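Engineer: So here's start-v8.txt, just compact mmCIF, C-alpha atoms and all ligand atoms:
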# COMPACT_ATOMS: atom_id res chain seq x y z
CA MET A 15 -38.58 -30.78 19.36
CA GLN A 16 -39.22 -27.65 17.29
CA ASN A 17 -41.45 -28.18 14.27
CA CYS A 18 -41.80 -25.99 11.16
CA ASP A 19 -42.68 -26.14 7.43
CA CYS A 20 -39.10 -26.29 6.17
CA LEU A 21 -35.68 -26.62 7.74
CA ILE A 22 -32.76 -24.96 5.98
CA ILE A 23 -29.26 -26.10 6.86
CA GLY A 24 -26.69 -23.31 6.38
CA ALA A 25 -27.09 -19.52 6.36
CA GLY A 26 -24.83 -18.67 3.39
CA PRO A 27 -26.23 -17.13 0.18
CA ALA A 28 -28.10 -20.34 -0.74
CA GLY A 29 -29.72 -20.77 2.69
CA GLY A 30 -30.37 -17.04 3.14
CA ALA A 31 -32.06 -16.74 -0.27
CA ALA A 32 -34.23 -19.81 0.39
CA ALA A 33 -35.18 -18.54 3.86
CA TYR A 34 -36.14 -15.11 2.52
CA HIS A 35 -38.35 -16.44 -0.25
CA LEU A 36 -40.11 -19.05 1.90
CA ALA A 37 -40.68 -16.62 4.79
CA LYS A 38 -42.02 -14.01 2.38
CA ARG A 39 -44.61 -16.51 1.22
CA GLY A 40 -45.72 -16.87 4.84
CA HIS A 41 -44.10 -20.24 5.55
CA ASN A 42 -42.71 -21.16 8.91
CA VAL A 43 -39.02 -21.70 8.22
CA VAL A 44 -36.05 -22.32 10.52
CA VAL A 45 -32.42 -21.83 9.42
CA LEU A 46 -29.84 -23.94 11.29
CA GLU A 47 -26.35 -22.43 11.10
CA LYS A 48 -23.37 -23.87 12.93
CA SER A 49 -21.21 -20.73 13.07
CA VAL A 50 -21.09 -17.86 15.48
CA TRP A 51 -22.85 -15.20 13.38
CA PRO A 52 -21.87 -13.18 11.42
CA ARG A 53 -19.19 -15.53 10.16
CA THR A 54 -16.43 -14.88 7.67
CA ARG A 55 -16.33 -17.01 4.52
CA PRO A 56 -13.19 -17.39 2.37
CA CYS A 57 -14.31 -15.86 -0.92
CA GLY A 58 -13.26 -13.29 -3.54
CA GLY A 59 -16.55 -11.49 -2.96
CA GLY A 60 -17.36 -10.69 -6.60
CA ILE A 61 -21.08 -10.94 -7.34
CA SER A 62 -22.95 -10.40 -10.56
CA PRO A 63 -25.46 -7.53 -10.25
CA ALA A 64 -27.91 -9.76 -12.15
CA VAL A 65 -28.82 -11.38 -8.81
CA SER A 66 -30.81 -8.28 -7.86
CA GLU A 67 -33.58 -9.50 -10.21
CA TRP A 68 -34.41 -12.29 -7.78
CA PHE A 69 -35.03 -10.05 -4.77
CA ASP A 70 -37.37 -7.15 -4.04
CA PHE A 71 -34.99 -5.26 -1.73
CA ASP A 72 -31.93 -3.15 -2.39
CA PHE A 73 -28.51 -4.77 -1.75
CA THR A 74 -26.62 -1.44 -1.69
CA PRO A 75 -25.86 -1.53 2.07
CA ALA A 76 -24.11 -4.89 1.56
CA ILE A 77 -21.84 -3.78 -1.31
CA SER A 78 -18.28 -2.74 -0.42
CA THR A 79 -17.37 -1.32 -3.85
CA THR A 80 -18.18 -1.86 -7.52
CA VAL A 81 -16.02 -2.67 -10.53
CA ASN A 82 -16.37 -1.23 -14.01
CA GLU A 83 -12.97 -2.15 -15.44
CA VAL A 84 -11.37 -5.57 -15.96
CA VAL A 85 -7.72 -6.35 -16.67
CA PHE A 86 -6.49 -9.71 -17.96
CA THR A 87 -2.81 -10.72 -17.91
CA TRP A 88 -0.66 -13.71 -18.82
CA GLN A 89 1.89 -14.24 -16.02
CA GLN A 90 1.43 -10.59 -15.01
CA GLY A 91 2.36 -9.36 -18.50
CA ASP A 92 0.73 -9.24 -21.96
CA ARG A 93 -2.04 -7.11 -20.52
CA VAL A 94 -5.45 -6.38 -21.96
CA GLN A 95 -7.98 -4.09 -20.36
CA ALA A 96 -11.68 -3.50 -20.92
CA ASN A 97 -14.34 -1.27 -19.50
CA LEU A 98 -17.49 -3.08 -18.52
CA THR A 99 -20.29 -2.09 -20.83
CA THR A 100 -22.66 -3.69 -18.36
CA GLU A 101 -23.86 -2.67 -14.92
CA PRO A 102 -20.86 -2.55 -12.55
CA MET A 103 -20.00 -5.82 -10.82
CA TRP A 104 -20.53 -5.92 -7.05
CA MET A 105 -17.66 -6.52 -4.65
CA VAL A 106 -18.80 -7.60 -1.19
CA LYS A 107 -17.36 -8.67 2.11
CA ARG A 108 -19.00 -12.00 2.64
CA ASP A 109 -19.62 -11.58 6.37
CA VAL A 110 -21.50 -8.34 5.62
CA PHE A 111 -23.33 -9.65 2.53
CA ASP A 112 -24.47 -12.93 4.11
CA ALA A 113 -25.55 -11.17 7.32
CA PHE A 114 -27.50 -8.57 5.31
CA LEU A 115 -29.36 -11.25 3.36
CA LEU A 116 -30.16 -13.16 6.54
CA GLU A 117 -31.48 -9.97 8.17
CA GLN A 118 -33.93 -9.60 5.27
CA ALA A 119 -35.02 -13.21 5.79
CA ILE A 120 -35.54 -12.59 9.53
CA ALA A 121 -37.49 -9.41 8.79
CA ALA A 122 -39.70 -11.50 6.45
CA GLY A 123 -40.37 -13.93 9.32
CA ALA A 124 -37.64 -16.60 9.14
CA GLN A 125 -36.25 -17.97 12.40
CA VAL A 126 -32.51 -18.44 12.62
CA GLN A 127 -30.64 -20.67 15.07
CA THR A 128 -26.93 -19.87 14.98
CA GLU A 129 -24.26 -21.95 16.73
CA THR A 130 -26.49 -24.90 15.88
CA GLU A 131 -24.61 -27.67 14.15
CA VAL A 132 -26.61 -30.28 12.30
CA GLN A 133 -25.37 -33.76 13.13
CA THR A 134 -27.82 -36.31 11.73
CA LEU A 135 -30.85 -36.36 9.43
CA GLN A 136 -33.59 -38.95 9.39
CA PHE A 137 -36.78 -39.20 7.33
CA SER A 138 -39.73 -41.07 8.81
CA ASP A 139 -43.52 -40.61 8.69
CA CYS A 140 -43.15 -37.95 5.97
CA THR A 141 -41.05 -35.83 8.33
CA TRP A 142 -37.40 -34.87 8.52
CA GLN A 143 -35.97 -35.26 12.03
CA VAL A 144 -32.79 -33.24 12.39
CA GLN A 145 -30.49 -33.71 15.34
CA THR A 146 -28.22 -30.80 16.31
CA ASN A 147 -25.96 -29.84 19.19
CA GLN A 148 -28.84 -27.58 20.32
CA GLY A 149 -31.64 -30.14 20.27
CA ASP A 150 -33.92 -31.68 17.66
CA PHE A 151 -35.91 -30.04 14.87
CA SER A 152 -38.49 -31.45 12.47
CA ALA A 153 -40.21 -30.42 9.25
CA PRO A 154 -41.81 -32.06 6.22
CA TYR A 155 -39.23 -30.42 3.91
CA LEU A 156 -35.51 -29.81 4.05
CA ILE A 157 -33.14 -27.56 2.08
CA ALA A 158 -29.48 -28.60 2.41
CA ALA A 159 -27.42 -25.43 1.90
CA ASP A 160 -24.53 -26.35 4.16
CA GLY A 161 -21.74 -25.68 1.69
CA VAL A 162 -18.85 -27.67 0.35
CA ASN A 163 -17.98 -29.35 3.68
CA GLY A 164 -21.53 -29.89 4.93
CA VAL A 165 -22.91 -33.16 6.28
CA ALA A 166 -26.31 -33.15 4.58
CA ARG A 167 -25.30 -34.17 1.07
CA GLN A 168 -23.81 -37.46 2.18
CA GLN A 169 -26.59 -38.20 4.68
CA LEU A 170 -29.20 -37.62 1.96
CA GLY A 171 -27.47 -40.33 -0.10
CA PHE A 172 -25.84 -38.21 -2.83
CA ASN A 173 -22.45 -38.96 -4.37
CA PRO A 174 -19.54 -37.01 -2.87
CA LEU A 175 -18.87 -33.61 -4.44
CA GLN A 176 -16.02 -33.33 -6.93
CA ILE A 177 -13.73 -31.00 -5.06
CA THR A 178 -10.87 -28.84 -6.25
CA LEU A 179 -8.76 -26.32 -4.34
CA ALA A 180 -9.00 -22.55 -4.12
CA ALA A 181 -7.08 -20.04 -2.06
CA THR A 182 -7.71 -16.56 -0.82
CA ALA A 183 -5.79 -13.78 0.92
CA HIS A 184 -6.74 -10.31 2.06
CA LEU A 185 -4.50 -7.50 0.82
CA SER A 186 -4.76 -4.51 3.12
CA GLY A 187 -4.55 -0.87 2.07
CA VAL A 188 -6.82 1.04 -0.28
CA PRO A 189 -6.32 -0.44 -3.77
CA ALA A 190 -4.68 1.77 -6.41
CA ASN A 191 -7.77 1.40 -8.58
CA PRO A 192 -10.81 0.46 -6.45
CA SER A 193 -13.04 -0.03 -9.49
CA GLN A 194 -10.74 -2.50 -11.30
CA ALA A 195 -10.78 -6.31 -11.17
CA ALA A 196 -7.76 -8.28 -12.39
CA PHE A 197 -7.47 -11.83 -13.75
CA ASP A 198 -4.16 -13.56 -14.38
CA PHE A 199 -3.62 -16.79 -16.31
CA GLY A 200 -0.42 -18.79 -16.56
CA ILE A 201 0.94 -18.44 -13.02
CA VAL A 202 -1.47 -20.99 -11.58
CA LYS A 203 -1.08 -24.26 -13.41
CA ASN A 204 -4.50 -25.32 -14.78
CA GLY A 205 -6.24 -22.45 -13.08
CA PHE A 206 -6.13 -18.71 -12.58
CA ILE A 207 -5.69 -15.85 -10.15
CA TRP A 208 -8.21 -13.09 -9.62
CA GLN A 209 -7.94 -9.93 -7.57
CA PHE A 210 -11.12 -8.16 -6.55
CA PRO A 211 -11.02 -4.74 -4.83
CA GLN A 212 -12.84 -3.84 -1.65
CA ALA A 213 -13.30 -0.46 -0.02
CA ASP A 214 -10.39 -1.12 2.36
CA GLY A 215 -8.15 -3.50 0.40
CA ALA A 216 -8.54 -6.38 -2.01
CA MET A 217 -9.19 -10.10 -2.08
CA LEU A 218 -6.54 -12.07 -3.93
CA ASN A 219 -7.73 -15.52 -5.00
CA ALA A 220 -6.59 -18.53 -6.97
CA ALA A 221 -8.39 -21.65 -8.12
CA ILE A 222 -7.35 -24.92 -9.73
CA ILE A 223 -9.85 -25.67 -12.45
CA LYS A 224 -8.45 -28.86 -13.96
CA GLY A 225 -6.21 -31.49 -12.44
CA LYS A 226 -4.56 -31.46 -9.06
CA ALA A 227 -2.30 -29.05 -7.19
CA LYS A 228 -0.73 -28.96 -3.78
CA GLU A 229 -1.89 -26.48 -1.16
CA ALA A 230 1.69 -25.27 -0.89
CA ASP A 231 1.76 -24.41 -4.60
CA LEU A 232 -1.37 -22.26 -4.32
CA VAL A 233 0.14 -20.41 -1.37
CA LYS A 234 3.40 -19.89 -3.27
CA TRP A 235 1.64 -18.64 -6.43
CA LEU A 236 -0.43 -16.09 -4.52
CA ARG A 237 2.56 -14.86 -2.53
CA ASN A 238 4.62 -14.49 -5.71
CA TYR A 239 1.79 -12.66 -7.48
CA ALA A 240 1.41 -10.21 -4.60
CA ASN A 241 5.18 -10.05 -4.08
CA GLN A 242 4.53 -10.61 -0.37
CA PRO A 243 6.51 -13.63 0.92
CA ASP A 244 4.60 -13.66 4.23
CA LEU A 245 1.09 -13.13 2.87
CA VAL A 246 -1.46 -15.09 4.95
CA VAL A 247 -3.21 -17.43 2.51
CA GLN A 248 -6.19 -19.65 3.28
CA VAL A 249 -6.68 -22.74 1.12
CA VAL A 250 -10.18 -24.20 0.94
CA ALA A 251 -12.24 -26.59 -1.15
CA ILE A 252 -14.44 -25.48 -4.00
CA ALA A 253 -16.97 -27.66 -5.83
CA LEU A 254 -17.22 -26.80 -9.52
CA TRP A 255 -20.22 -27.95 -11.57
CA SER A 256 -19.27 -31.35 -12.93
CA GLY A 257 -22.24 -32.59 -14.91
CA GLN A 258 -25.99 -33.01 -14.80
CA GLN A 259 -27.23 -34.68 -11.61
CA ASP A 260 -30.32 -34.95 -9.47
CA LEU A 261 -30.42 -32.30 -6.77
CA HIS A 262 -33.41 -33.71 -4.90
CA SER A 263 -34.26 -36.70 -2.75
CA GLN A 264 -37.34 -37.52 -0.67
CA ASN A 265 -38.76 -34.12 0.46
CA ALA A 266 -35.30 -32.57 0.33
CA VAL A 267 -33.21 -30.50 -2.09
CA LEU A 268 -29.57 -29.46 -2.32
CA ALA A 269 -28.69 -25.79 -2.91
CA GLY A 270 -25.51 -23.77 -3.46
CA ASP A 271 -22.11 -25.35 -2.93
CA ALA A 272 -23.75 -28.43 -1.38
CA ALA A 273 -25.17 -29.02 -4.87
CA GLY A 274 -21.79 -28.41 -6.60
CA LEU A 275 -22.91 -25.50 -8.78
CA ALA A 276 -19.87 -23.19 -9.14
CA ASP A 277 -18.96 -22.20 -12.70
CA PRO A 278 -16.31 -24.67 -13.99
CA LEU A 279 -14.54 -21.99 -16.05
CA LEU A 280 -14.51 -18.93 -13.75
CA ALA A 281 -15.35 -20.44 -10.29
CA GLU A 282 -18.32 -18.11 -9.73
CA GLY A 283 -20.36 -19.72 -6.95
CA THR A 284 -22.40 -17.03 -5.21
CA ARG A 285 -24.81 -16.31 -8.06
CA PRO A 286 -25.77 -20.00 -8.48
CA ALA A 287 -26.01 -20.31 -4.69
CA LEU A 288 -28.55 -17.46 -4.60
CA LEU A 289 -30.38 -18.76 -7.66
CA SER A 290 -30.67 -22.28 -6.27
CA GLY A 291 -31.91 -20.85 -2.94
CA VAL A 292 -34.64 -18.99 -4.80
CA LYS A 293 -35.59 -22.07 -6.86
CA ALA A 294 -35.44 -24.36 -3.80
CA ALA A 295 -37.87 -22.03 -2.01
CA GLU A 296 -40.21 -22.08 -5.02
CA ALA A 297 -40.10 -25.89 -5.09
CA VAL A 298 -40.79 -26.27 -1.36
CA ALA A 299 -43.57 -23.65 -1.47
CA ALA A 300 -45.20 -25.53 -4.36
CA ALA A 301 -44.84 -28.84 -2.50
CA LEU A 302 -46.39 -27.34 0.64
CA ALA A 303 -49.27 -26.18 -1.56
CA GLY A 304 -49.84 -29.80 -2.64
CA ASN A 305 -47.81 -30.14 -5.85
CA GLU A 306 -46.36 -33.64 -5.49
CA GLU A 307 -43.99 -33.22 -8.42
CA ALA A 308 -42.44 -29.94 -7.24
CA ILE A 309 -39.44 -31.37 -5.39
CA ALA A 310 -38.44 -33.63 -8.29
CA GLN A 311 -38.97 -30.76 -10.73
CA TYR A 312 -36.37 -28.69 -8.83
CA SER A 313 -33.57 -30.79 -10.37
CA GLN A 314 -34.93 -30.12 -13.88
CA VAL A 315 -35.42 -26.43 -13.18
CA MET A 316 -31.83 -26.02 -11.95
CA GLN A 317 -30.53 -27.87 -14.99
CA ALA A 318 -32.52 -25.55 -17.28
CA VAL A 319 -31.63 -22.26 -15.56
CA TRP A 320 -28.00 -23.08 -14.69
CA GLY A 321 -26.74 -26.57 -15.59
CA ASP A 322 -27.26 -26.35 -19.35
CA ASP A 323 -25.05 -23.28 -19.53
CA MET A 324 -22.48 -24.79 -17.16
CA ALA A 325 -22.13 -27.70 -19.58
CA TRP A 326 -20.87 -25.13 -22.12
CA ALA A 327 -18.60 -23.54 -19.51
CA GLN A 328 -17.19 -26.99 -18.77
CA ARG A 329 -16.46 -27.60 -22.47
CA LEU A 330 -14.79 -24.21 -22.82
CA ALA A 331 -12.75 -24.86 -19.65
CA GLY A 332 -11.66 -28.24 -21.04
CA ILE A 333 -10.27 -26.54 -24.16
CA PHE A 334 -8.90 -23.43 -22.47
CA TYR A 335 -7.10 -25.08 -19.55
CA GLN A 336 -5.57 -27.75 -21.79
CA PHE A 337 -3.69 -25.12 -23.81
CA PRO A 338 -3.95 -22.00 -21.64
CA LYS A 339 -1.20 -20.03 -23.38
CA ILE A 340 -2.83 -20.44 -26.78
CA GLY A 341 -6.24 -19.91 -25.18
CA TYR A 342 -5.04 -16.63 -23.72
CA LYS A 343 -3.65 -15.40 -27.05
CA VAL A 344 -6.46 -16.44 -29.36
CA GLY A 345 -9.27 -16.24 -26.81
CA VAL A 346 -8.97 -13.93 -23.83
CA LYS A 347 -6.74 -11.34 -25.52
CA GLN A 348 -9.15 -10.62 -28.33
CA PRO A 349 -11.07 -7.40 -27.58
CA VAL A 350 -14.37 -9.11 -28.36
CA ALA A 351 -13.54 -11.97 -25.95
CA VAL A 352 -12.73 -9.54 -23.14
CA LYS A 353 -16.10 -7.91 -23.67
CA LEU A 354 -17.93 -11.25 -23.71
CA LEU A 355 -16.16 -12.53 -20.59
CA SER A 356 -17.03 -9.30 -18.79
CA GLN A 357 -20.67 -9.74 -19.76
CA ILE A 358 -20.61 -13.30 -18.43
CA LEU A 359 -19.12 -12.13 -15.13
CA CYS A 360 -21.91 -9.58 -14.83
CA GLY A 361 -24.56 -12.20 -15.58
CA GLN A 362 -25.65 -10.49 -18.79
CA LEU A 363 -24.54 -13.18 -21.21
CA LYS A 364 -24.70 -16.96 -21.26
CA TYR A 365 -21.86 -19.22 -22.40
CA SER A 366 -24.20 -20.71 -24.98
CA ALA A 367 -24.38 -17.26 -26.61
CA ILE A 368 -20.57 -17.27 -27.04
CA ILE A 369 -20.78 -20.63 -28.76
CA ASP A 370 -23.63 -19.35 -30.97
CA ARG A 371 -21.59 -16.28 -31.94
CA ALA A 372 -18.45 -18.34 -32.63
CA THR A 373 -20.46 -20.78 -34.75
CA ALA A 374 -22.04 -17.89 -36.65
CA ALA A 375 -18.59 -16.35 -37.24
CA VAL A 376 -17.20 -19.65 -38.53
CA LYS A 377 -20.24 -20.13 -40.79
CA LYS A 378 -19.78 -16.64 -42.15
CA LYS A 379 -16.16 -17.45 -42.98
CA ILE A 380 -17.05 -20.74 -44.64
CA LEU A 381 -20.20 -19.43 -46.30
CA PRO A 382 -19.46 -15.76 -46.93
CA PHE A 383 -22.83 -15.14 -48.52
CA GLY A 384 -24.66 -16.06 -45.33
CA GLY A 385 -25.95 -19.44 -46.44
CA GLY A 386 -26.79 -22.06 -43.88
C1 LIG B 1 -11.14 -18.86 -2.45
C2 LIG B 1 -12.53 -18.73 -2.99
C3 LIG B 1 -12.89 -17.58 -3.67
C4 LIG B 1 -14.17 -17.44 -4.19
N1 LIG B 1 -14.49 -16.31 -4.86
C5 LIG B 1 -15.72 -16.17 -5.39
C6 LIG B 1 -16.08 -14.96 -6.04
O1 LIG B 1 -15.32 -14.00 -6.12
N2 LIG B 1 -17.33 -14.89 -6.57
C7 LIG B 1 -18.23 -15.93 -6.49
O2 LIG B 1 -19.35 -15.82 -7.00
N3 LIG B 1 -17.91 -17.07 -5.82
C8 LIG B 1 -16.70 -17.21 -5.27
N4 LIG B 1 -16.39 -18.34 -4.58
C9 LIG B 1 -17.43 -19.36 -4.38
C10 LIG B 1 -18.43 -18.93 -3.29
O3 LIG B 1 -17.74 -18.51 -2.14
C11 LIG B 1 -19.37 -20.09 -2.90
O4 LIG B 1 -19.82 -20.72 -4.07
C12 LIG B 1 -20.57 -19.60 -2.09
O5 LIG B 1 -20.14 -19.15 -0.83
C13 LIG B 1 -21.58 -20.74 -1.85
O6 LIG B 1 -22.59 -20.31 -0.97
P1 LIG B 1 -23.40 -21.40 -0.12
O7 LIG B 1 -24.52 -20.67 0.55
O8 LIG B 1 -23.73 -22.57 -0.94
O9 LIG B 1 -22.35 -21.95 0.96
P2 LIG B 1 -21.57 -21.19 2.13
O10 LIG B 1 -21.46 -19.76 1.88
O11 LIG B 1 -20.32 -21.97 2.35
O12 LIG B 1 -22.54 -21.39 3.38
C14 LIG B 1 -22.76 -22.68 3.96
C15 LIG B 1 -23.13 -22.46 5.41
O13 LIG B 1 -23.47 -23.71 6.01
C16 LIG B 1 -22.97 -23.75 7.33
N5 LIG B 1 -22.85 -25.16 7.73
C17 LIG B 1 -21.97 -26.07 7.27
N6 LIG B 1 -22.17 -27.27 7.89
C18 LIG B 1 -23.20 -27.09 8.76
C19 LIG B 1 -23.85 -27.94 9.70
N7 LIG B 1 -23.49 -29.22 9.86
N8 LIG B 1 -24.86 -27.44 10.45
C20 LIG B 1 -25.25 -26.13 10.29
N9 LIG B 1 -24.65 -25.26 9.43
C21 LIG B 1 -23.64 -25.75 8.66
C22 LIG B 1 -21.64 -23.04 7.22
O14 LIG B 1 -21.20 -22.56 8.48
C23 LIG B 1 -21.95 -21.91 6.24
O15 LIG B 1 -22.35 -20.72 6.90
C24 LIG B 1 -15.12 -18.49 -4.03
C25 LIG B 1 -14.77 -19.64 -3.33
C26 LIG B 1 -13.50 -19.76 -2.80
C27 LIG B 1 -13.16 -21.00 -2.02
Here is the file; what I need is its structure written in the form of structure tokens.
Ligand SMILES: Cc1cc2nc3c(=O)[nH]c(=O)nc-3n(C[C@H](O)[C@H](O)[C@H](O)COP(=O)(O)OP(=O)(O)OC[C@H]3O[C@@H](n4cnc5c(N)ncnc54)[C@H](O)[C@@H]3O)c2cc1C
Structural biologist:
Amino acid sequence: MQNCDCLIIGAGPAGGAAAYHLAKRGHNVVVLEKSVWPRTRPCGGGISPAVSEWFDFDFTPAISTTVNEVVFTWQQGDRVQANLTTEPMWMVKRDVFDAFLLEQAIAAGAQVQTETEVQTLQFSDCTWQVQTNQGDFSAPYLIAADGVNGVARQQLGFNPLQITLAATAHLSGVPANPSQAAFDFGIVKNGFIWQFPQADGAMLNAAIIKGKAKEADLVKWLRNYANQPDLVVQVVAIALWSGQQDLHSQNAVLAGDAAGLADPLLAEGTRPALLSGVKAAEAVAAALAGNEEAIAQYSQVMQAVWGDDMAWAQRLAGIFYQFPKIGYKVGVKQPVAVKLLSQILCGQLKYSAIIDRATAAVKKKILPFGGG
């Protein structure tokens, strides 16, 4: 049995970020990852550059290309385009990005066991005993970062994730405009399509945000959008943030997709995965230093730094996806909205700020002399 300070299940962005920050603090941490590494991960690969604030190394080697222009369409027409006034958005290949992050964690002192699938978890005598196909591991603390289909969430006693469907396909060939991202509304019922460039092609993605859809419909919508009847499309689950919940149990926390953190309006999941990995590491480090409240406080911290804003995203999604055509016309198509959405995608604006601005605009209309 191998013993350490903290076991991390899953080596995606959430697990990699947690491993890096715990190892950097000098803790003995072991990452258990079931895949042959590096593994591919179905994903659009768009990441807000704001994540760089949480790390003290340069992510440049892991970035395939960057985007400084965004195009929105309604059923591939009624186009509106905006230049990002923010730092360019990163486009990554997830096998490269995740492997790069994990390399930084290893360099900081983390141990990584790939091809090691966690099977069961048990807590006794203040210790987590974790059974895998490669033997047993134990630690006083556990970070469950095993993604949307992981085993840890259920075994830790949490409710099942609320799952919706997303799809992705790789378009080969150098994109016509490698610094442009495209979003389309109206083709996908209750969802949207987004196309993110990469140095050698593009990732074409679709997500259902509200309601249900069949896998076959997602495949059909992406093929129609790309005008490629034989396009190879992968359909996978995605867990959008669905309300405030505890993300901790006895000496254990959930991070990333296992915690159901993806943005319920735009399906952005990598930034919250990284953020929760950072915050999970802070909580475990504090607990190891003797703070008995630290693990429970993690749930509150995540609600404050992410959940509160996702509650606004959820409200906006509820309105937008109920009447998407009107939402596109009166919302997305407005030049100011395009700018605000771009700032959100780049992590430079919170949804709550949009609500504040809209409220201020309404007040100004009702009370033209600025009363309030
Ligand atoms: C089609 C699609 C497109 C997307 N596009 C974007 C996008 O453009 N931008 C964005 O920000 N987000 C996007 N997302 C969301 C994003 O991919 C996820 O939110 C993000 O990968 C979550 O990271 P994670 O570390 O929590 O989980 P993951 O990256 O899924 O990592 C979990 C890891 O745990 C491992 N694991 C699972 N079970 C076990 C086990 N039993 N034992 C050991 N290891 C285990 C897995 O092998 C995996 O490596 C997209 C999602 C989908 C489905």
Engineer: Which protein, DNA or RNA residues have an atom within 7 Å of ligand LIG 1 (chain B), counting only C-alpha atoms and all ligand atoms, as a PyMOL selection string?
Structural biologist: chain A and resi 23-29+46-49+53+55-61+130-133+159-165+180-182+219-221+249-252+269-272+276+281-285+287
Engineer: Select, from A:Gln168, A:His262, A:Thr74, A:Asn97, the residue with the minimum atom-to-atom distance to Glu307 in chain A, counting all atoms listed in the file.
Structural biologist: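 Among the listed residues, the smallest separation from Glu307 in chain A belongs to A:His262.
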Engineer: Quick one: everything within 12 Å of Ala33 in chain A, counting only C-alpha atoms, minus sequence neighbours fewer than 6 positions away in the same chain. Send it as a PDB file with C-alpha atoms, in the frame of the given file.
Structural biologist:
ATOM      1  CA  ASP A  19     -42.680 -26.140   7.430  1.00  0.00           C
ATOM      2  CA  CYS A  20     -39.100 -26.290   6.170  1.00  0.00           C
ATOM      3  CA  LEU A  21     -35.680 -26.620   7.740  1.00  0.00           C
ATOM      4  CA  ILE A  22     -32.760 -24.960   5.980  1.00  0.00           C
ATOM      5  CA  ILE A  23     -29.260 -26.100   6.860  1.00  0.00           C
ATOM      6  CA  GLY A  24     -26.690 -23.310   6.380  1.00  0.00           C
ATOM      7  CA  ALA A  25     -27.090 -19.520   6.360  1.00  0.00           C
ATOM      8  CA  GLY A  26     -24.830 -18.670   3.390  1.00  0.00           C
ATOM      9  CA  PRO A  27     -26.230 -17.130   0.180  1.00  0.00           C
ATOM     10  CA  ARG A  39     -44.610 -16.510   1.220  1.00  0.00           C
ATOM     11  CA  GLY A  40     -45.720 -16.870   4.840  1.00  0.00           C
ATOM     12  CA  HIS A  41     -44.100 -20.240   5.550  1.00  0.00           C
ATOM     13  CA  ASN A  42     -42.710 -21.160   8.910  1.00  0.00           C
ATOM     14  CA  VAL A  43     -39.020 -21.700   8.220  1.00  0.00           C
ATOM     15  CA  VAL A  44     -36.050 -22.320  10.520  1.00  0.00           C
ATOM     16  CA  VAL A  45     -32.420 -21.830   9.420  1.00  0.00           C
ATOM     17  CA  LEU A  46     -29.840 -23.940  11.290  1.00  0.00           C
ATOM     18  CA  LEU A 115     -29.360 -11.250   3.360  1.00  0.00           C
ATOM     19  CA  LEU A 116     -30.160 -13.160   6.540  1.00  0.00           C
ATOM     20  CA  GLU A 117     -31.480  -9.970   8.170  1.00  0.00           C
ATOM     21  CA  GLN A 118     -33.930  -9.600   5.270  1.00  0.00           C
ATOM     22  CA  ALA A 119     -35.020 -13.210   5.790  1.00  0.00           C
ATOM     23  CA  ILE A 120     -35.540 -12.590   9.530  1.00  0.00           C
ATOM     24  CA  ALA A 121     -37.490  -9.410   8.790  1.00  0.00           C
ATOM     25  CA  ALA A 122     -39.700 -11.500   6.450  1.00  0.00           C
ATOM     26  CA  GLY A 123     -40.370 -13.930   9.320  1.00  0.00           C
ATOM     27  CA  ALA A 124     -37.640 -16.600   9.140  1.00  0.00           C
ATOM     28  CA  GLN A 125     -36.250 -17.970  12.400  1.00  0.00           C
ATOM     29  CA  VAL A 126     -32.510 -18.440  12.620  1.00  0.00           C
ATOM     30  CA  LEU A 156     -35.510 -29.810   4.050  1.00  0.00           C
ATOM     31  CA  ILE A 157     -33.140 -27.560   2.080  1.00  0.00           C
ATOM     32  CA  ALA A 158     -29.480 -28.600   2.410  1.00  0.00           C
ATOM     33  CA  ALA A 159     -27.420 -25.430   1.900  1.00  0.00           C
ATOM     34  CA  ALA A 269     -28.690 -25.790  -2.910  1.00  0.00           C
ATOM     35  CA  LEU A 288     -28.550 -17.460  -4.600  1.00  0.00           C
ATOM     36  CA  SER A 290     -30.670 -22.280  -6.270  1.00  0.00           C
ATOM     37  CA  GLY A 291     -31.910 -20.850  -2.940  1.00  0.00           C
ATOM     38  CA  VAL A 292     -34.640 -18.990  -4.800  1.00  0.00           C
ATOM     39  CA  LYS A 293     -35.590 -22.070  -6.860  1.00  0.00           C
ATOM     40  CA  ALA A 294     -35.440 -24.360  -3.800  1.00  0.00           C
ATOM     41  CA  ALA A 295     -37.870 -22.030  -2.010  1.00  0.00           C
ATOM     42  CA  GLU A 296     -40.210 -22.080  -5.020  1.00  0.00           C
ATOM     43  CA  VAL A 298     -40.790 -26.270  -1.360  1.00  0.00           C
ATOM     44  CA  ALA A 299     -43.570 -23.650  -1.470  1.00  0.00           C
TER      45      ALA A 299
END
Engineer: What lies within 9 Å of range 343-360 of chain A using only C-alpha atoms, ignoring chain neighbours under 2 positions off, as a PyMOL selection string?
Structural biologist: chain A and resi 60-64+83-88+92-104+280+282+334+338-341+362-365+368
Engineer: Rank nothing, just name the residue among A:Ser152, A:Gln16, A:Thr146, A:Gln259 nearest to Ala325 in chain A, using only C-alpha atoms.
Structural biologist: A:Gln259
Engineer: Quick one: pull the distance between CA of Lys107 in chain A and CA of Phe73 in chain A, Å, one decimal.
Structural biologist: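 That distance, rounded to one decimal, is 12.4 Å.
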Engineer: Which of these residues is nearest to Thr80 in chain A, using all atoms listed in the file: A:Leu254, A:Pro243, A:Leu261, A:Asn191?
Structural biologist: A:Asn191
Engineer: For a test of reading the model, state the distance in Å between CA of Pro154 in chain A and CA of Gln317 in chain A, rounded to one decimal.
Structural biologist: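 Between these atoms lies a distance of 24.4 Å.
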